[in-house]
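Peer 1: So here's my_file06.tsv, just TSV, C-alpha atoms:
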chain	number	residue	atom	x	y	z
A	828	MET	CA	0.00	0.00	0.00
A	829	ASN	CA	1.41	3.39	-0.92
A	830	THR	CA	1.91	6.13	1.64
A	831	ALA	CA	-0.97	8.28	0.38
A	832	ASP	CA	-3.47	5.42	0.64
A	833	PHE	CA	-2.15	4.44	4.08
A	834	GLU	CA	-2.48	8.00	5.36
A	835	PHE	CA	-5.93	8.34	3.84
A	836	LEU	CA	-7.25	5.18	5.50
A	837	SER	CA	-5.48	5.97	8.78
A	838	ALA	CA	-7.21	9.34	8.96
A	839	ILE	CA	-10.61	7.75	8.37
A	840	LEU	CA	-10.00	5.13	11.05
A	841	LYS	CA	-8.84	7.73	13.56
A	842	GLN	CA	-11.92	9.83	12.95
A	843	ARG	CA	-14.40	6.94	13.11
A	844	SER	CA	-12.96	4.83	15.91
A	845	GLY	CA	-10.06	6.65	17.53
A	846	LEU	CA	-7.71	3.94	16.26
A	847	VAL	CA	-4.21	5.27	15.69
A	848	LEU	CA	-2.36	3.31	13.06
A	849	THR	CA	1.38	3.87	12.93
A	850	GLU	CA	3.31	3.12	9.75
A	851	GLU	CA	4.86	-0.02	11.16
A	852	LYS	CA	1.32	-1.38	11.40
A	853	ALA	CA	0.68	-0.86	7.69
A	854	TYR	CA	0.79	-4.63	7.23
A	855	LEU	CA	-2.35	-4.84	9.39
A	856	LEU	CA	-4.25	-2.73	6.88
A	857	GLU	CA	-3.25	-5.08	4.11
A	858	SER	CA	-3.96	-8.32	5.96
A	859	ARG	CA	-7.24	-7.24	7.48
A	860	LEU	CA	-8.69	-5.28	4.58
A	861	MET	CA	-8.13	-7.89	1.87
A	862	PRO	CA	-11.15	-9.93	3.04
A	863	VAL	CA	-13.21	-6.71	2.98
A	864	ALA	CA	-12.01	-5.96	-0.57
A	865	ARG	CA	-12.98	-9.47	-1.67
A	866	LYS	CA	-16.40	-9.20	0.00
A	867	PHE	CA	-17.16	-6.05	-2.00
A	868	GLY	CA	-15.81	-7.57	-5.23
A	869	PHE	CA	-12.70	-5.41	-5.55
A	870	ALA	CA	-9.60	-6.88	-7.19
A	871	GLY	CA	-7.39	-5.47	-4.44
A	872	LEU	CA	-6.82	-2.71	-1.94
A	873	PRO	CA	-6.11	0.07	-4.48
A	874	GLU	CA	-9.61	-0.44	-5.90
A	875	LEU	CA	-11.09	-0.43	-2.40
A	876	VAL	CA	-9.31	2.81	-1.53
A	877	ALA	CA	-10.39	4.35	-4.83
A	878	MET	CA	-14.03	3.59	-4.04
A	879	VAL	CA	-13.72	5.09	-0.56
A	880	ARG	CA	-12.11	8.24	-2.00
A	881	GLU	CA	-14.76	8.59	-4.65
A	882	ASP	CA	-17.97	7.70	-2.88
A	883	ARG	CA	-17.39	7.08	0.85
A	884	PRO	CA	-20.06	4.34	0.95
A	885	GLU	CA	-21.16	3.89	4.55
A	886	ASP	CA	-21.39	0.07	4.42
A	887	LEU	CA	-17.83	-0.17	3.13
A	888	LEU	CA	-16.57	2.31	5.74
A	889	CYS	CA	-18.30	0.29	8.47
A	890	ASP	CA	-16.67	-2.92	7.32
A	891	ILE	CA	-13.25	-1.27	7.11
A	892	THR	CA	-13.62	0.10	10.64
A	893	GLU	CA	-14.82	-3.24	11.99
A	894	ALA	CA	-12.02	-5.17	10.33
A	895	MET	CA	-9.41	-2.87	11.82
A	896	THR	CA	-10.86	-2.59	15.32
A	897	THR	CA	-11.56	-6.25	15.90
A	898	ASN	CA	-9.17	-7.57	18.47
A	899	GLU	CA	-8.51	-10.90	20.02
A	900	SER	CA	-10.26	-11.84	23.18
A	901	LEU	CA	-10.09	-14.75	25.54
A	902	PHE	CA	-11.92	-16.06	28.56
A	903	PHE	CA	-10.61	-14.92	31.95
A	904	ARG	CA	-7.83	-13.01	30.20
A	905	ASP	CA	-4.82	-12.55	32.50
A	906	MET	CA	-6.72	-14.43	35.26
A	907	LYS	CA	-5.67	-12.10	38.09
A	908	PRO	CA	-8.20	-9.31	37.44
A	909	PHE	CA	-10.99	-11.85	37.65
A	910	GLU	CA	-9.55	-13.38	40.80
A	911	GLN	CA	-9.46	-9.90	42.36
A	912	LEU	CA	-13.00	-9.25	41.19
A	913	ARG	CA	-14.21	-12.48	42.80
A	914	THR	CA	-12.32	-12.28	46.07
A	915	LEU	CA	-12.08	-8.55	46.74
A	916	VAL	CA	-14.18	-6.21	44.63
A	917	ILE	CA	-17.51	-8.03	44.50
A	918	PRO	CA	-17.55	-8.96	48.23
A	919	GLN	CA	-16.83	-5.35	49.19
A	920	LEU	CA	-19.41	-3.96	46.80
A	921	VAL	CA	-21.95	-6.46	48.09
A	922	GLU	CA	-21.40	-5.02	51.55
A	923	LYS	CA	-21.60	-1.42	50.38
A	924	ARG	CA	-24.67	-1.97	48.20
A	925	ALA	CA	-26.60	-4.01	50.76
A	926	ALA	CA	-29.36	-1.40	50.85
A	927	THR	CA	-29.95	-1.11	47.10
A	928	ARG	CA	-28.88	-4.65	46.13
A	929	LYS	CA	-27.96	-3.38	42.70
A	930	LEU	CA	-24.73	-3.81	40.78
A	931	ARG	CA	-23.85	-2.61	37.29
A	932	ILE	CA	-20.81	-3.77	35.35
A	933	TRP	CA	-19.66	-2.50	31.96
A	934	SER	CA	-17.42	-4.41	29.59
A	935	ALA	CA	-16.48	-1.53	27.31
A	936	ALA	CA	-14.75	-3.35	24.45
A	937	ALA	CA	-16.43	-6.71	24.60
A	938	SER	CA	-15.34	-8.01	21.19
A	939	SER	CA	-16.67	-11.56	20.77
A	940	GLY	CA	-18.00	-11.71	24.32
A	941	GLN	CA	-15.37	-13.63	26.26
A	942	GLU	CA	-14.84	-10.86	28.81
A	943	PRO	CA	-18.48	-10.17	29.78
A	944	TYR	CA	-19.25	-13.88	29.76
A	945	SER	CA	-16.25	-14.52	32.02
A	946	ILE	CA	-17.76	-11.98	34.41
A	947	GLY	CA	-21.13	-13.72	34.12
A	948	ILE	CA	-19.63	-17.13	34.87
A	949	LEU	CA	-17.71	-15.66	37.79
A	950	LEU	CA	-20.87	-14.13	39.26
A	951	LYS	CA	-22.76	-17.40	38.79
A	952	GLU	CA	-19.97	-19.22	40.62
A	953	LEU	CA	-20.50	-16.93	43.61
A	954	GLY	CA	-23.62	-18.96	44.34
A	955	ASP	CA	-26.23	-17.34	46.54
A	956	LEU	CA	-24.12	-14.27	47.39
A	957	LEU	CA	-26.03	-12.25	44.79
A	958	ASP	CA	-29.40	-13.96	45.14
A	959	GLY	CA	-32.16	-11.39	44.92
A	960	TRP	CA	-29.77	-8.77	43.53
A	961	ASP	CA	-30.31	-6.75	40.38
A	962	VAL	CA	-27.00	-7.40	38.61
A	963	GLN	CA	-26.53	-5.96	35.14
A	964	ILE	CA	-23.64	-6.65	32.81
A	965	LEU	CA	-23.54	-4.33	29.81
A	966	ALA	CA	-21.19	-5.36	27.02
A	967	THR	CA	-20.45	-2.89	24.24
A	968	ASP	CA	-18.33	-2.91	21.13
A	969	ILE	CA	-17.99	-0.80	18.03
A	970	SER	CA	-18.29	-3.87	15.80
A	971	VAL	CA	-21.77	-5.13	14.96
A	972	ASP	CA	-20.30	-8.38	13.62
A	973	MET	CA	-18.48	-9.01	16.88
A	974	LEU	CA	-21.62	-8.26	18.90
A	975	ASN	CA	-23.61	-10.73	16.84
A	976	ARG	CA	-20.94	-13.34	17.43
A	977	ALA	CA	-20.95	-12.53	21.12
A	978	ARG	CA	-24.72	-12.81	21.41
A	979	ALA	CA	-24.62	-16.27	19.83
A	980	GLY	CA	-22.21	-17.43	22.56
A	981	LEU	CA	-20.73	-19.98	20.17
A	982	TYR	CA	-16.99	-20.54	20.30
A	983	THR	CA	-14.42	-22.70	18.55
A	984	GLN	CA	-12.35	-25.30	20.33
A	985	PHE	CA	-9.37	-22.96	20.06
A	986	GLU	CA	-11.30	-20.11	21.71
A	987	VAL	CA	-12.67	-22.13	24.63
A	988	GLN	CA	-9.24	-23.55	25.37
A	989	ARG	CA	-7.74	-20.10	25.76
A	990	GLY	CA	-8.50	-19.24	29.35
A	991	LEU	CA	-11.40	-21.48	30.30
A	992	PRO	CA	-10.60	-24.11	32.92
A	993	ILE	CA	-11.85	-27.47	31.65
A	994	ALA	CA	-14.24	-27.87	34.58
A	995	THR	CA	-15.84	-24.52	33.66
A	996	LEU	CA	-16.16	-25.60	30.03
A	997	VAL	CA	-17.91	-28.80	31.02
A	998	LYS	CA	-20.17	-27.00	33.47
A	999	TYR	CA	-21.30	-24.07	31.32
A	1000	PHE	CA	-20.94	-25.11	27.67
A	1001	LYS	CA	-22.61	-27.62	25.40
A	1002	GLN	CA	-20.85	-29.12	22.42
A	1003	VAL	CA	-22.51	-28.23	19.12
A	1004	GLY	CA	-20.70	-30.00	16.31
A	1005	GLU	CA	-17.17	-28.64	16.26
A	1006	LYS	CA	-18.07	-25.69	18.47
A	1007	TRP	CA	-19.10	-24.99	22.05
A	1008	ARG	CA	-22.15	-22.97	23.05
A	1009	LEU	CA	-22.40	-21.13	26.34
A	1010	ASP	CA	-25.49	-21.92	28.44
A	1011	ALA	CA	-28.45	-19.64	27.90
A	1012	ALA	CA	-28.48	-18.85	31.63
A	1013	ILE	CA	-25.09	-17.11	31.38
A	1014	ARG	CA	-25.82	-15.57	27.97
A	1015	SER	CA	-28.95	-13.96	29.40
A	1016	MET	CA	-26.91	-12.25	32.13
A	1017	VAL	CA	-25.22	-10.02	29.54
A	1018	LYS	CA	-26.84	-7.25	27.55
A	1019	PHE	CA	-24.99	-6.38	24.35
A	1020	LYS	CA	-25.09	-2.95	22.74
A	1021	GLU	CA	-23.28	-1.26	19.87
A	1022	PHE	CA	-21.25	1.61	21.21
A	1023	ASN	CA	-18.29	3.68	20.02
A	1024	LEU	CA	-15.96	4.74	22.82
A	1025	LEU	CA	-15.60	8.09	21.07
A	1026	ASP	CA	-19.28	8.79	21.78
A	1027	ASP	CA	-20.94	10.28	24.85
A	1028	THR	CA	-21.35	7.73	27.62
A	1029	ALA	CA	-24.20	9.53	29.38
A	1030	THR	CA	-26.86	7.28	27.83
A	1031	LEU	CA	-25.32	4.13	29.34
A	1032	GLY	CA	-26.20	4.87	32.98
A	1033	GLN	CA	-23.94	4.55	36.01
A	1034	PHE	CA	-21.55	1.68	36.72
A	1035	ASP	CA	-19.84	0.18	39.76
A	1036	ILE	CA	-17.22	-1.72	37.78
A	1037	VAL	CA	-15.85	-0.95	34.32
A	1038	PHE	CA	-13.64	-3.21	32.26
A	1039	CYS	CA	-11.89	-1.24	29.51
A	1040	ARG	CA	-8.95	-3.48	28.87
A	1041	ASN	CA	-6.55	-3.51	25.94
A	1042	VAL	CA	-8.35	-0.89	23.93
A	1043	LEU	CA	-6.79	2.41	25.04
A	1044	ILE	CA	-3.47	1.20	23.63
A	1045	TYR	CA	-4.86	1.84	20.15
A	1046	PHE	CA	-5.69	5.49	20.88
A	1047	ASP	CA	-3.51	8.59	20.96
A	1048	GLN	CA	-2.99	10.44	24.27
A	1049	GLN	CA	-5.73	12.97	23.67
A	1050	THR	CA	-8.30	10.30	22.84
A	1051	LYS	CA	-7.24	8.16	25.82
A	1052	SER	CA	-7.75	11.14	28.10
A	1053	GLU	CA	-11.17	11.91	26.65
A	1054	VAL	CA	-12.34	8.29	26.84
A	1055	LEU	CA	-11.18	7.96	30.45
A	1056	GLY	CA	-12.89	11.25	31.29
A	1057	ARG	CA	-16.19	10.01	29.87
A	1058	ILE	CA	-15.86	6.73	31.74
A	1059	SER	CA	-15.22	8.58	35.00
A	1060	ASN	CA	-18.41	10.56	34.48
A	1061	ILE	CA	-20.55	7.44	34.66
A	1062	MET	CA	-18.78	5.58	37.45
A	1063	SER	CA	-19.90	5.55	41.04
A	1064	ASP	CA	-17.46	7.26	43.44
A	1065	ASP	CA	-16.44	3.91	44.90
A	1066	GLY	CA	-16.28	2.16	41.54
A	1067	VAL	CA	-13.36	0.22	40.13
A	1068	LEU	CA	-11.92	0.56	36.63
A	1069	TYR	CA	-9.94	-2.27	35.07
A	1070	LEU	CA	-7.42	-1.46	32.33
A	1071	GLY	CA	-5.13	-3.83	30.44
A	1072	GLY	CA	-1.73	-4.77	31.82
A	1073	ALA	CA	0.06	-2.47	29.35
A	1074	GLU	CA	-2.23	0.48	30.01
A	1075	THR	CA	-2.25	3.19	32.66
A	1076	VAL	CA	-3.94	6.43	33.64
A	1077	LEU	CA	-0.70	8.02	34.75
A	1078	GLY	CA	0.18	11.07	32.68
A	1079	ILE	CA	-3.08	10.73	30.77
A	1080	THR	CA	-5.85	11.78	33.12
A	1081	ASP	CA	-6.28	12.96	36.69
A	1082	LYS	CA	-9.79	11.49	36.87
A	1083	PHE	CA	-8.46	8.13	38.04
A	1084	VAL	CA	-5.74	6.95	40.40
A	1085	PRO	CA	-4.10	3.52	40.50
A	1086	ILE	CA	-5.16	1.28	43.38
A	1087	THR	CA	-1.82	0.49	44.97
A	1088	GLY	CA	-0.94	-3.17	45.03
A	1089	HIS	CA	-3.59	-4.09	42.48
A	1090	ARG	CA	-2.06	-3.81	39.03
A	1091	GLY	CA	-4.49	-2.75	36.31
A	1092	MET	CA	-7.11	-1.48	38.74
A	1093	TYR	CA	-8.02	2.18	39.16
A	1094	ALA	CA	-10.30	4.23	41.40
A	1095	ILE	CA	-12.05	7.53	40.84
A	1096	ALA	CA	-9.72	10.30	42.06
A	1097	GLY	CA	-10.97	11.59	45.39
A	1098	GLY	CA	-13.49	8.77	45.61
A	1099	GLU	CA	-13.62	5.90	48.07
A	1100	PRO	CA	-12.90	2.77	46.06
A	1101	ALA	CA	-14.70	-0.43	46.97
A	1102	LEU	CA	-11.24	-1.94	46.89
A	1103	LYS	CA	-8.68	-0.24	49.11
A	1104	SER	CA	-4.99	-0.04	48.21
A	1105	ALA	CA	-3.10	-3.11	49.39
B	731	MET	CA	13.06	-26.76	38.47
B	732	LYS	CA	9.83	-28.75	38.05
B	733	THR	CA	9.66	-31.97	36.09
B	734	CYS	CA	7.05	-32.76	33.46
B	735	LEU	CA	6.54	-36.21	32.00
B	736	VAL	CA	5.36	-36.08	28.38
B	737	VAL	CA	3.47	-39.22	27.43
B	738	ASP	CA	2.64	-39.59	23.74
B	739	ASP	CA	3.28	-42.27	21.14
B	740	SER	CA	4.08	-39.59	18.56
B	741	LYS	CA	7.73	-38.63	18.55
B	742	VAL	CA	6.88	-35.33	16.86
B	743	ILE	CA	4.34	-34.40	19.54
B	744	ARG	CA	6.83	-35.29	22.27
B	745	MET	CA	9.44	-33.12	20.59
B	746	VAL	CA	7.08	-30.13	20.23
B	747	ALA	CA	5.85	-30.50	23.82
B	748	ARG	CA	9.43	-30.80	25.09
B	749	LYS	CA	10.42	-27.57	23.36
B	750	ILE	CA	7.44	-25.68	24.79
B	751	LEU	CA	7.91	-27.07	28.30
B	752	GLU	CA	11.65	-26.45	28.36
B	753	GLU	CA	10.97	-22.85	27.42
B	754	LEU	CA	8.68	-22.77	30.46
B	755	SER	CA	11.64	-23.99	32.56
B	756	PHE	CA	10.52	-27.58	33.03
B	757	THR	CA	12.81	-30.58	33.07
B	758	VAL	CA	11.19	-32.91	30.57
B	759	VAL	CA	11.03	-36.70	30.70
B	760	GLU	CA	9.43	-38.64	27.84
B	761	ALA	CA	7.47	-41.85	27.61
B	762	GLU	CA	5.83	-43.31	24.50
B	763	ASP	CA	3.00	-45.21	26.20
B	764	GLY	CA	1.21	-45.49	29.53
B	765	ARG	CA	3.22	-48.49	30.72
B	766	MET	CA	6.56	-46.72	30.20
B	767	ALA	CA	5.13	-43.63	31.87
B	768	LEU	CA	4.01	-45.62	34.89
B	769	ASP	CA	7.45	-47.21	35.20
B	770	ALA	CA	9.01	-43.75	35.07
B	771	CYS	CA	6.67	-42.51	37.81
B	772	LYS	CA	7.58	-45.45	40.04
B	773	VAL	CA	11.24	-44.41	39.80
B	774	SER	CA	10.65	-40.70	40.21
B	775	MET	CA	7.30	-38.95	40.56
B	776	PRO	CA	7.10	-35.88	38.26
B	777	ASP	CA	5.37	-32.63	39.17
B	778	GLY	CA	3.21	-32.77	36.08
B	779	VAL	CA	2.19	-35.10	33.28
B	780	LEU	CA	1.14	-34.07	29.77
B	781	LEU	CA	-0.82	-37.10	28.67
B	782	ASP	CA	-2.09	-38.43	25.34
B	783	TRP	CA	-5.19	-40.62	25.36
B	784	ASN	CA	-4.76	-43.15	22.56
B	785	MET	CA	-1.51	-45.08	22.84
B	786	PRO	CA	-0.44	-48.71	22.41
B	787	VAL	CA	0.22	-51.01	25.39
B	788	MET	CA	-1.49	-48.78	27.97
B	789	ASP	CA	-3.66	-45.79	27.07
B	790	GLY	CA	-3.88	-42.48	28.89
B	791	ILE	CA	-6.93	-43.18	31.02
B	792	GLU	CA	-5.54	-46.53	32.21
B	793	PHE	CA	-2.28	-44.81	33.08
B	794	LEU	CA	-4.09	-42.06	35.00
B	795	ILE	CA	-6.10	-44.53	37.09
B	796	ALA	CA	-2.95	-46.54	37.87
B	797	LEU	CA	-0.97	-43.37	38.67
B	798	ARG	CA	-3.58	-42.15	41.15
B	799	ALA	CA	-3.32	-45.49	42.96
B	800	LEU	CA	0.45	-45.18	43.42
B	801	PRO	CA	1.90	-43.72	46.63
B	802	GLY	CA	2.26	-39.98	45.90
B	803	GLY	CA	0.45	-40.39	42.60
B	804	ASP	CA	-2.41	-38.22	43.81
B	805	GLN	CA	-0.04	-35.25	44.10
B	806	VAL	CA	0.85	-35.16	40.41
B	807	SER	CA	-0.92	-32.65	38.15
B	808	VAL	CA	-2.14	-34.43	35.05
B	809	VAL	CA	-3.11	-32.59	31.88
B	810	PHE	CA	-4.60	-34.62	29.07
B	811	CYS	CA	-3.51	-33.54	25.61
B	812	THR	CA	-5.50	-35.48	23.06
B	813	THR	CA	-7.50	-35.46	19.83
B	814	GLU	CA	-10.45	-36.87	21.81
B	815	ASN	CA	-12.36	-33.61	21.97
B	816	ASP	CA	-15.88	-34.67	22.91
B	817	LEU	CA	-17.62	-33.99	26.19
B	818	GLU	CA	-17.86	-37.68	27.08
B	819	HIS	CA	-14.09	-38.14	26.99
B	820	ILE	CA	-13.50	-34.94	28.93
B	821	GLN	CA	-15.92	-36.00	31.67
B	822	LYS	CA	-14.34	-39.45	31.82
B	823	ALA	CA	-10.90	-37.87	32.22
B	824	LEU	CA	-12.06	-35.53	34.98
B	825	ALA	CA	-13.78	-38.41	36.78
B	826	ALA	CA	-10.52	-40.38	36.65
B	827	GLY	CA	-8.67	-37.49	38.28
B	828	ALA	CA	-7.32	-35.37	35.42
B	829	ASN	CA	-6.55	-31.80	36.49
B	830	GLU	CA	-6.88	-30.22	33.07
B	831	TYR	CA	-7.61	-31.15	29.47
B	832	ILE	CA	-6.15	-29.87	26.23
B	833	MET	CA	-7.79	-30.67	22.92
B	834	LYS	CA	-5.24	-31.00	20.14
B	835	PRO	CA	-3.99	-29.10	18.27
B	836	PHE	CA	-2.26	-27.16	21.00
B	837	ASP	CA	0.24	-24.33	21.16
B	838	SER	CA	2.58	-22.92	23.77
B	839	GLU	CA	0.01	-20.37	24.95
B	840	ILE	CA	-2.60	-23.03	25.70
B	841	ILE	CA	-0.08	-25.18	27.58
B	842	GLN	CA	1.15	-22.17	29.54
B	843	THR	CA	-2.40	-21.09	30.43
B	844	LYS	CA	-3.51	-24.56	31.52
B	845	PHE	CA	-0.35	-25.18	33.54
B	846	THR	CA	-0.75	-21.79	35.23
B	847	GLN	CA	-4.38	-22.47	36.09
B	848	ILE	CA	-3.50	-25.66	37.93
B	849	GLY	CA	-0.51	-24.14	39.70
B	850	LEU	CA	2.26	-25.91	37.82
B	851	ILE	CA	3.66	-22.56	36.77
Just give me the structure of the file as structure tokens.
Peer 2:
Amino acid sequence: MNTADFEFLSAILKQRSGLVLTEEKAYLLESRLMPVARKFGFAGLPELVAMVREDRPEDLLCDITEAMTTNESLFFRDMKPFEQLRTLVIPQLVEKRAATRKLRIWSAAASSGQEPYSIGILLKELGDLLDGWDVQILATDISVDMLNRARAGLYTQFEVQRGLPIATLVKYFKQVGEKWRLDAAIRSMVKFKEFNLLDDTATLGQFDIVFCRNVLIYFDQQTKSEVLGRISNIMSDDGVLYLGGAETVLGITDKFVPITGHRGMYAIAGGEPALKSA
Amino acid sequence: MKTCLVVDDSKVIRMVARKILEELSFTVVEAEDGRMALDACKVSMPDGVLLDWNMPVMDGIEFLIALRALPGGDQVSVVFCTTENDLEHIQKALAAGANEYIMKPFDSEIIQTKFTQIGLI
């Protein structure tokens, strides 16, 4: 791909999704957009770019954005955040929310659903701790295709092996041909919604726990700061934000502070986090 | 350094598994069927076993049952690694005392994740 085409597509992606594509990632454009080119009947990427330049067809732009913003996901990714959620955050929030018995969790870049479903399985495994509670898990993603995949709750052997303990697979999945389908009881715990992290979060309601992991790394500093600011606006004062292991709020926003001793977890600045620093 | 016994009748699989496990800092011992694996365990009990199902002489499930009956055999973490990828086989393995189950094909990430989950890493 020539420099002009790369810069043209990069600018579109930045504007539509916040994705910042550096030149060393040019190969990603080629590998991910070839299937899109084929789907629309183009001979190659130059023809695809030419059509975008000429007409800017919305369906093509959507597919380009989806192809470039789709990222890998796995069940119980990194394990530790989920362990902390189970042993520390949820028990403390259960205490603090005893009066309202309501808990809202947002998985902000849900991709094919492994993260919100991991949360759902985790909550189910807590047994009667949350009996009678109104627990909502909202899972959002910019990609409609990914959300449809997530809603189906159908995963390949490769996907279920990445992160799911075998006992959990046996307990919560049924084998359907070559694939594995998550039980309807867990699927029904998660509400999926199309949402662009560049948009206003006000319509989503307030959350006690937000997972926004491994997505900020694709944004520039300004966009990271804005996204974190919008997340902070809809978090309860004692809420907990989870970021990916390679992400931080330091030097990006003063809306959040790291929770000492709990890598990847952040509290609202000046708030009283449900999870105290270790 | 922990020891892992790789039990598989395929030399290629044993070689691939050895490479992955050595990169994860395991000392690797190999056996090409359940009987040889059991003999190896009687001499020195490993920390973990990566275990194929279908093998000549003694298959994986027979080995697992015999291992669990040995003194100290209940302390070993056993991870099946097999092409038997149906629920019935998985349940049979868990009932026999398997700690984890990998459906082939596998890669280093899957082995690392499974071994971490059961505390071998």
Peer 1: Residues near Ala1073 (chain A), anyone? I mean within 9 Å using all atoms listed in the file, not counting same-chain ones fewer than 6 positions away, as number ranges by chain.
Peer 2: A: 1041, 1044, 1091
Peer 1: Write out, as a tab-separated table (two decimals), in the coordinates of the input, the residues just selected, with C-alpha atoms.
Peer 2:
chain	number	residue	atom	x	y	z
A	1041	ASN	CA	-6.55	-3.51	25.94
A	1044	ILE	CA	-3.47	1.20	23.63
A	1091	GLY	CA	-4.49	-2.75	36.31
Peer 1: Under the rule that all atoms listed in the file are counted, which of B:Ala825, B:Val737, B:Met788, B:Ala761 is the nearest residue to Thr812 (chain B)?
Peer 2: B:Val737
Peer 1: I need the chain B residues near chain A as a PyMOL selection string; criterion: at most 12 Å, counting only C-alpha atoms.
Peer 2: chain B and resi 809-811+813-825+827-848
Peer 1: Could you pull the residues within 9 Å of region 914-919 of chain A, counting all atoms listed in the file, minus those fewer than 6 positions along the same chain, as a ChimeraX atom specification?
Peer 2: /A:950,956,1036,1067,1101-1102
Peer 1: Taking (-20.2, -15.8, 24.1) in the file's coordinates, which residues come within 12 Å, counting all atoms listed in the file, written as a ChimeraX atom specification?
Peer 2: /A:900-902,937-948,966,973-983,986-987,999-1000,1006-1019
Peer 1: Include C-alpha atoms and write out the residues we just selected as a short mmCIF file (atom, residue, chain, number, x, y, z; two decimals), keeping the file's coordinate frame.
Peer 2:
data_model
loop_
_atom_site.label_atom_id
_atom_site.label_comp_id
_atom_site.auth_asym_id
_atom_site.auth_seq_id
_atom_site.Cartn_x
_atom_site.Cartn_y
_atom_site.Cartn_z
CA SER A 900 -10.26 -11.84 23.18
CA LEU A 901 -10.09 -14.75 25.54
CA PHE A 902 -11.92 -16.06 28.56
CA ALA A 937 -16.43 -6.71 24.60
CA SER A 938 -15.34 -8.01 21.19
CA SER A 939 -16.67 -11.56 20.77
CA GLY A 940 -18.00 -11.71 24.32
CA GLN A 941 -15.37 -13.63 26.26
CA GLU A 942 -14.84 -10.86 28.81
CA PRO A 943 -18.48 -10.17 29.78
CA TYR A 944 -19.25 -13.88 29.76
CA SER A 945 -16.25 -14.52 32.02
CA ILE A 946 -17.76 -11.98 34.41
CA GLY A 947 -21.13 -13.72 34.12
CA ILE A 948 -19.63 -17.13 34.87
CA ALA A 966 -21.19 -5.36 27.02
CA MET A 973 -18.48 -9.01 16.88
CA LEU A 974 -21.62 -8.26 18.90
CA ASN A 975 -23.61 -10.73 16.84
CA ARG A 976 -20.94 -13.34 17.43
CA ALA A 977 -20.95 -12.53 21.12
CA ARG A 978 -24.72 -12.81 21.41
CA ALA A 979 -24.62 -16.27 19.83
CA GLY A 980 -22.21 -17.43 22.56
CA LEU A 981 -20.73 -19.98 20.17
CA TYR A 982 -16.99 -20.54 20.30
CA THR A 983 -14.42 -22.70 18.55
CA GLU A 986 -11.30 -20.11 21.71
CA VAL A 987 -12.67 -22.13 24.63
CA TYR A 999 -21.30 -24.07 31.32
CA PHE A 1000 -20.94 -25.11 27.67
CA LYS A 1006 -18.07 -25.69 18.47
CA TRP A 1007 -19.10 -24.99 22.05
CA ARG A 1008 -22.15 -22.97 23.05
CA LEU A 1009 -22.40 -21.13 26.34
CA ASP A 1010 -25.49 -21.92 28.44
CA ALA A 1011 -28.45 -19.64 27.90
CA ALA A 1012 -28.48 -18.85 31.63
CA ILE A 1013 -25.09 -17.11 31.38
CA ARG A 1014 -25.82 -15.57 27.97
CA SER A 1015 -28.95 -13.96 29.40
CA MET A 1016 -26.91 -12.25 32.13
CA VAL A 1017 -25.22 -10.02 29.54
CA LYS A 1018 -26.84 -7.25 27.55
CA PHE A 1019 -24.99 -6.38 24.35
#
Peer 1: Near Asp789 (chain B), within 12 Å and counting only C-alpha atoms, which residues show up once chain neighbours fewer than 4 positions away are dropped, as a ChimeraX atom specification?
Peer 2: /B:737-739,761-768,781-785,793-796,810,812,823
Peer 1: Mind pulling up the distance from CA of Ile969 (chain A) to CA of Phe1022 (chain A)?
Peer 2: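 Computing it gives 5.2 Å between the two atoms.
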Peer 1: Tell me, in Å to one decimal, how far CA of Leu875 (chain A) is from CA of Leu846 (chain A).
Peer 2: 19.5 Å
Peer 1: Could you tell me how far CA of Phe1038 (chain A) lies from CA of Thr995 (chain A), in Å and to one decimal?
Peer 2: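 Atom-to-atom, CA of Phe1038 (chain A) to CA of Thr995 (chain A), that is 21.5 Å.
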Peer 1: Pick from B:Val808, B:Ala799, B:Cys734, B:Val758: nearest to Pro776 (chain B), with only C-alpha atoms counted?
Peer 2: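 Closest to Pro776 (chain B) of all the choices is B:Cys734.
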Peer 1: Which residues are close to Pro801 (chain B), i.e. within 12 Å by only C-alpha atoms, leaving aside same-chain residues fewer than 2 positions away? Reply as a list of chain:residue names.
Peer 2: B:Cys771, B:Lys772, B:Val773, B:Ser774, B:Met775, B:Ala796, B:Leu797, B:Arg798, B:Ala799, B:Gly803, B:Asp804, B:Gln805, B:Val806
Peer 1: Selected residues, C-alpha atoms, written as an mmCIF file, in the coordinates of the input, please.
Peer 2:
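The file below, result33.cif, is the result:
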data_model
loop_
_atom_site.group_PDB
_atom_site.id
_atom_site.type_symbol
_atom_site.label_atom_id
_atom_site.label_comp_id
_atom_site.auth_asym_id
_atom_site.auth_seq_id
_atom_site.Cartn_x
_atom_site.Cartn_y
_atom_site.Cartn_z
ATOM 1 C CA CYS B 771 6.670 -42.510 37.810
ATOM 2 C CA LYS B 772 7.580 -45.450 40.040
ATOM 3 C CA VAL B 773 11.240 -44.410 39.800
ATOM 4 C CA SER B 774 10.650 -40.700 40.210
ATOM 5 C CA MET B 775 7.300 -38.950 40.560
ATOM 6 C CA ALA B 796 -2.950 -46.540 37.870
ATOM 7 C CA LEU B 797 -0.970 -43.370 38.670
ATOM 8 C CA ARG B 798 -3.580 -42.150 41.150
ATOM 9 C CA ALA B 799 -3.320 -45.490 42.960
ATOM 10 C CA GLY B 803 0.450 -40.390 42.600
ATOM 11 C CA ASP B 804 -2.410 -38.220 43.810
ATOM 12 C CA GLN B 805 -0.040 -35.250 44.100
ATOM 13 C CA VAL B 806 0.850 -35.160 40.410
#
Peer 1: Which residue, B:Val759, B:Ile743, B:Leu800, B:Ile750, has the smallest gap to Val779 (chain B) when you use only C-alpha atoms?
Peer 2: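 When distances to Val779 (chain B) are compared using only C-alpha atoms, the smallest one comes from B:Val759.
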